[in-house]
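All remarks here apply to the structure that follows.
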Amino acid sequence: MLHRRGFWMAASLIGIVCLLSIQPSFPQKCEVRYPGLAACPNEHCTVVMVGKKASTDGSVISTHTSDCGSCDWTWRYVPAADHDQGATRRIYYFDQFGTDPPRKGLRWDAIEDNFTGFEIPEVSHTYGYLHGMFGYMNDNQVALGESTIGCREQMENSTSAPKFDITMLTLIAMERAKTAREAIQLMGDLAVKYGYGHTDSGEMLSVSDPNEVWIFEVMPVGPLWTPDSGQPGAVWCAQRVPDDHVSVCPNESRIGEIDLKNKDYFMASPNVVSFAVEQKFYDPKSGKPFNWKRAYCPSEYSAQSSFGSRGRLWRFMDLVAPSKQFSPGTPNMDLPFSIRPEKKLSVADVMVILRDKYDGTPFYTARGLQGGPFENPNLLPYGFELDGKKYDTGRCIGVNRAEYVTVTQSRDWLPDPIGGIVWIGFGAQDTHCLMPFYQGVTRIPESFEFGDHWEFDRRSARWAFDYVDFHTQVVYSYAIKDVRKAQEKWEKAAIDRTPEIDAYALQLYKKSPDQARQYLTDYCNNNANLVVNAWWSLGDELMVKYMHFWYYDIRERKREPLKYPEWWLREVVRYNQLSPQPETKK
């Protein structure tokens, strides 16, 4: 391991030289609390949503970038089950930001340690589903994505009075919902009746099925709420994304003015307006219409005013509708809830969006010295403090701290086991590989079920992708080309292969649904295992190929120095006050 450590130390020294040369220019805004406004939530997750008429193939698409950096990344498959009459369902707290040492065993096996002491009546049949930190898709192609949005400080309720957190709400929705609307109503009713909060504040979920996609937002109602109060234990609202539109949630509330008479596009808790009036968040005498996000989660930022730290919303709008020429100075609160894209989006297009680093904009995360000599957009992934002043470096969609990324497809022209796909990619978006898992699978690879940030383990799938990511960061502009070739070979190939897999699985399904499920299980698991193995090999290759900041031609068994950009060499000369070698006399 010593040679690898020395290799990375050398890379770090290069990075430090670059960072020491950075001139302060971006005041940090995100940590400031403004009176009466929601605190800027942790920049954890981005959710992209695509209506079925806005996608190239009619899929309803939703995503989740689980951008935590220290959270649990393990996955599991929960099979469908039948339950006896009178059975109950235990409710657990599950801190989405926590993780356990592997020596304790699989995290979800220890869930009994988090029993709330509360149970609800069980239903006769629960659906099978895939889940990581949250439930992602069930047997009915009901799919979810999550983004923390925060709420007004006085609304938070971290006591044990609320019995539901966001993770538990998603699991119950997976177990019981046949449609997106059912899932929304179910989660909303449980939160209102039994209380929502504990470890969570305001949360947004994309909720989709083969026909539609919604934005669902739920918030606590303050630390004084108890089940005995007789009052709703949460406040929530949901708005449907039009079928020919796309939308995004980048850690901020997205629902504005609501029209509860339009039941095809809005759903809400009974206290949606009255609670805001009671708490003096909204004055009905003002003459202004009720606006959900301005009442419960106001956040006055724009891409420009936050110097890119709150620019994902603007960036998404600019990517999907460039001719609109949305200004980065437009307050996020004023940007539209959803928009019709100028071209329909494929699942591959969505994956590209999830890897965006503000390329071509003033907020590009590898601009100038910030990216170092090898144009690394991840070299300075967070703000910093210097001389008592805070600075920000921009927060892009493709931030490099994802636990995993999901892209779900719900497709109404296929039976549910074939129509639903969850694409899973472990680790940072730019260096991972998204792998398809049809909803019809009956198991997932064992390597998906365990792992931890603090203990390297070759049995864990996630570490294969971190291994590649680690070796890519050192000489990014060179190594990322090798990663792109691998993604082309494995990820793009899986996308291109989907129609063929669909067709054969459908042929089997007509004869035997069980045979179709077995085929899909074998295909998804075999493909995932091949990808994980390929990434381990890729990591080994990158380590050898760019050892000591040279290029080692593996085939020719020759080496040559890597070329550094001229601008960076000039900066080294300037900063270190280097003198040229004396000219030799001829």
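How things are named: the first chain in the structure tokens is A, the next is B, and so on; residues count from 1 in each chain; ligands count from 1 in the order shown.
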
Within 9 Å of range 67-83 of chain A using only C-alpha atoms, minus same-chain residues under 5 positions, as JSON, numbers by chain
{"A": [42, 43, 44, 45, 46, 88, 96, 97, 98, 99, 100, 106, 107, 108, 122, 123, 124, 125, 126, 127, 128, 129, 130, 131, 132, 133, 139, 175, 399, 400, 401, 402, 403, 404, 405, 426, 427, 428, 441, 442, 443, 444, 445, 446, 447, 448, 449, 450, 451, 452, 453, 462]}

Near Met543 in chain A, counting only C-alpha atoms, which residues have an atom at most 12 Å away, once you skip same-chain residues fewer than 3 positions from it, shown as an MDAnalysis selection string?
chainID A and resid 1 3:5 7:8 467:475 479 482 536:540 546:552 554

Can you write just those residues out, N, CA and C atoms, as a compact mmCIF listing (two decimals), in the first residue's frame?
```
# COMPACT_ATOMS: atom_id res chain seq x y z
N MET A 1 0.82 -1.21 0.00
CA MET A 1 0.00 0.00 0.00
C MET A 1 0.86 1.26 0.00
N HIS A 3 3.29 2.36 -1.94
CA HIS A 3 3.47 3.07 -3.21
C HIS A 3 2.22 3.85 -3.59
N ARG A 4 1.04 3.35 -3.25
CA ARG A 4 -0.19 4.08 -3.55
C ARG A 4 -0.28 5.33 -2.70
N ARG A 5 0.13 5.21 -1.43
CA ARG A 5 0.06 6.36 -0.54
C ARG A 5 0.97 7.47 -1.05
N PHE A 7 1.92 7.93 -4.09
CA PHE A 7 1.33 8.43 -5.32
C PHE A 7 0.30 9.52 -5.01
N TRP A 8 -0.55 9.24 -4.03
CA TRP A 8 -1.61 10.21 -3.70
C TRP A 8 -1.05 11.43 -2.99
N TYR A 467 -12.79 2.95 -5.85
CA TYR A 467 -11.42 2.61 -6.24
C TYR A 467 -11.06 3.29 -7.56
N VAL A 468 -11.97 3.23 -8.52
CA VAL A 468 -11.77 3.91 -9.80
C VAL A 468 -11.78 5.42 -9.60
N ASP A 469 -12.73 5.90 -8.81
CA ASP A 469 -12.83 7.34 -8.58
C ASP A 469 -11.54 7.90 -7.98
N PHE A 470 -10.99 7.19 -7.00
CA PHE A 470 -9.76 7.62 -6.33
C PHE A 470 -8.63 7.82 -7.34
N HIS A 471 -8.44 6.86 -8.23
CA HIS A 471 -7.34 6.94 -9.19
C HIS A 471 -7.64 7.89 -10.33
N THR A 472 -8.92 8.21 -10.55
CA THR A 472 -9.27 9.18 -11.59
C THR A 472 -8.95 10.60 -11.15
N GLN A 473 -9.18 10.92 -9.88
CA GLN A 473 -9.03 12.29 -9.40
C GLN A 473 -7.62 12.83 -9.57
N VAL A 474 -6.63 11.96 -9.53
CA VAL A 474 -5.22 12.40 -9.54
C VAL A 474 -4.86 13.11 -10.84
N VAL A 475 -5.19 12.51 -11.96
CA VAL A 475 -4.90 13.11 -13.27
C VAL A 475 -6.21 13.11 -14.07
N ALA A 479 -7.45 10.54 -17.02
CA ALA A 479 -8.10 9.30 -16.57
C ALA A 479 -9.58 9.26 -16.88
N ASP A 482 -10.53 7.33 -19.89
CA ASP A 482 -10.58 5.88 -19.73
C ASP A 482 -11.90 5.45 -19.10
N TRP A 536 -13.19 -2.94 -10.85
CA TRP A 536 -11.98 -3.30 -10.11
C TRP A 536 -10.78 -3.34 -11.05
N SER A 537 -10.95 -3.94 -12.21
CA SER A 537 -9.86 -4.02 -13.18
C SER A 537 -9.48 -2.64 -13.69
N LEU A 538 -10.49 -1.79 -13.91
CA LEU A 538 -10.22 -0.43 -14.38
C LEU A 538 -9.40 0.35 -13.35
N GLY A 539 -9.73 0.18 -12.08
CA GLY A 539 -8.96 0.85 -11.04
C GLY A 539 -7.50 0.43 -11.04
N ASP A 540 -7.27 -0.87 -11.21
CA ASP A 540 -5.89 -1.37 -11.29
C ASP A 540 -5.17 -0.76 -12.50
N TYR A 546 -1.04 5.71 -14.84
CA TYR A 546 -0.65 7.09 -14.52
C TYR A 546 0.25 7.17 -13.28
N MET A 547 0.97 6.13 -13.03
CA MET A 547 1.86 6.07 -11.88
C MET A 547 2.90 7.19 -11.94
N HIS A 548 3.09 7.86 -10.78
CA HIS A 548 4.13 8.88 -10.62
C HIS A 548 3.97 10.04 -11.59
N PHE A 549 2.76 10.29 -12.05
CA PHE A 549 2.47 11.38 -12.98
C PHE A 549 3.22 11.21 -14.31
N TRP A 550 3.39 9.95 -14.69
CA TRP A 550 3.88 9.59 -16.02
C TRP A 550 2.77 8.82 -16.71
N TYR A 551 2.93 8.65 -18.01
CA TYR A 551 2.00 7.81 -18.75
C TYR A 551 2.72 6.51 -19.10
N TYR A 552 2.24 5.42 -18.53
CA TYR A 552 2.82 4.10 -18.78
C TYR A 552 1.99 3.39 -19.84
N ILE A 554 0.88 0.47 -21.40
CA ILE A 554 0.87 -0.92 -20.94
C ILE A 554 1.20 -1.88 -22.08
```

Would you kindly return, as a list in words, each protein, DNA or RNA residue with an atom no farther than 8 Å from any atom of Ala321 in chain A, considering only C-alpha atoms and excluding same-chain residues fewer than 5 positions away?
Ile339, Arg340, Pro341 and Glu342 of chain A

Just the selected residues (N, CA, C and O atoms), exported as a compact mmCIF listing (two decimals), in the first residue's frame, please.
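Generated output (part_6.txt):
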```
# COMPACT_ATOMS: atom_id res chain seq x y z
N ILE A 339 -41.28 22.57 -16.72
CA ILE A 339 -41.11 23.20 -18.02
C ILE A 339 -41.17 22.13 -19.11
O ILE A 339 -40.80 20.97 -18.89
N ARG A 340 -41.63 22.53 -20.29
CA ARG A 340 -41.64 21.61 -21.43
C ARG A 340 -40.23 21.62 -22.04
O ARG A 340 -39.73 22.67 -22.45
N PRO A 341 -39.56 20.49 -22.10
CA PRO A 341 -38.20 20.48 -22.65
C PRO A 341 -38.22 20.74 -24.15
O PRO A 341 -39.19 20.39 -24.84
N GLU A 342 -37.16 21.32 -24.66
CA GLU A 342 -37.11 21.63 -26.08
C GLU A 342 -36.93 20.38 -26.94
O GLU A 342 -37.24 20.38 -28.12
```

Residues near Gln429 in chain A, cut-off 6 Å, only C-alpha atoms, skip fewer than 3 positions along chain, as an mmCIF file with N, CA, C and O atoms, in the first residue's frame:
```cif
data_model
loop_
_atom_site.group_PDB
_atom_site.id
_atom_site.type_symbol
_atom_site.label_atom_id
_atom_site.label_comp_id
_atom_site.auth_asym_id
_atom_site.auth_seq_id
_atom_site.Cartn_x
_atom_site.Cartn_y
_atom_site.Cartn_z
ATOM 1 N N ARG A 355 -24.636 14.107 -14.449
ATOM 2 C CA ARG A 355 -23.171 14.232 -14.368
ATOM 3 C C ARG A 355 -22.705 15.663 -14.609
ATOM 4 O O ARG A 355 -21.502 15.924 -14.666
ATOM 5 N N GLY A 398 -23.793 17.185 -10.589
ATOM 6 C CA GLY A 398 -22.937 16.005 -10.493
ATOM 7 C C GLY A 398 -21.891 16.136 -9.404
ATOM 8 O O GLY A 398 -20.706 15.895 -9.659
ATOM 9 N N HIS A 432 -18.909 6.475 -11.911
ATOM 10 C CA HIS A 432 -19.601 5.215 -11.663
ATOM 11 C C HIS A 432 -20.191 4.658 -12.960
ATOM 12 O O HIS A 432 -19.980 5.209 -14.041
#
```

Which is closer to Asp334 in chain A than all the others in A:Tyr358, A:Trp314, A:Phe363, A:Phe374, using only C-alpha atoms?
A:Trp314

Members of range 178-381 of chain A assigned alpha helix (DSSP H) by DSSP, as number ranges by chain:
A: 180-194, 274-278, 292-296, 312-320, 347-354

Can you list, as an MDAnalysis selection string, every residue of range 129-334 of chain A that DSSP puts in strand (DSSP E or B)?
chainID A and resid 129:131 135:138 143:148 164 196 203:208 213:219 235:241 246:249 257 266:268 291
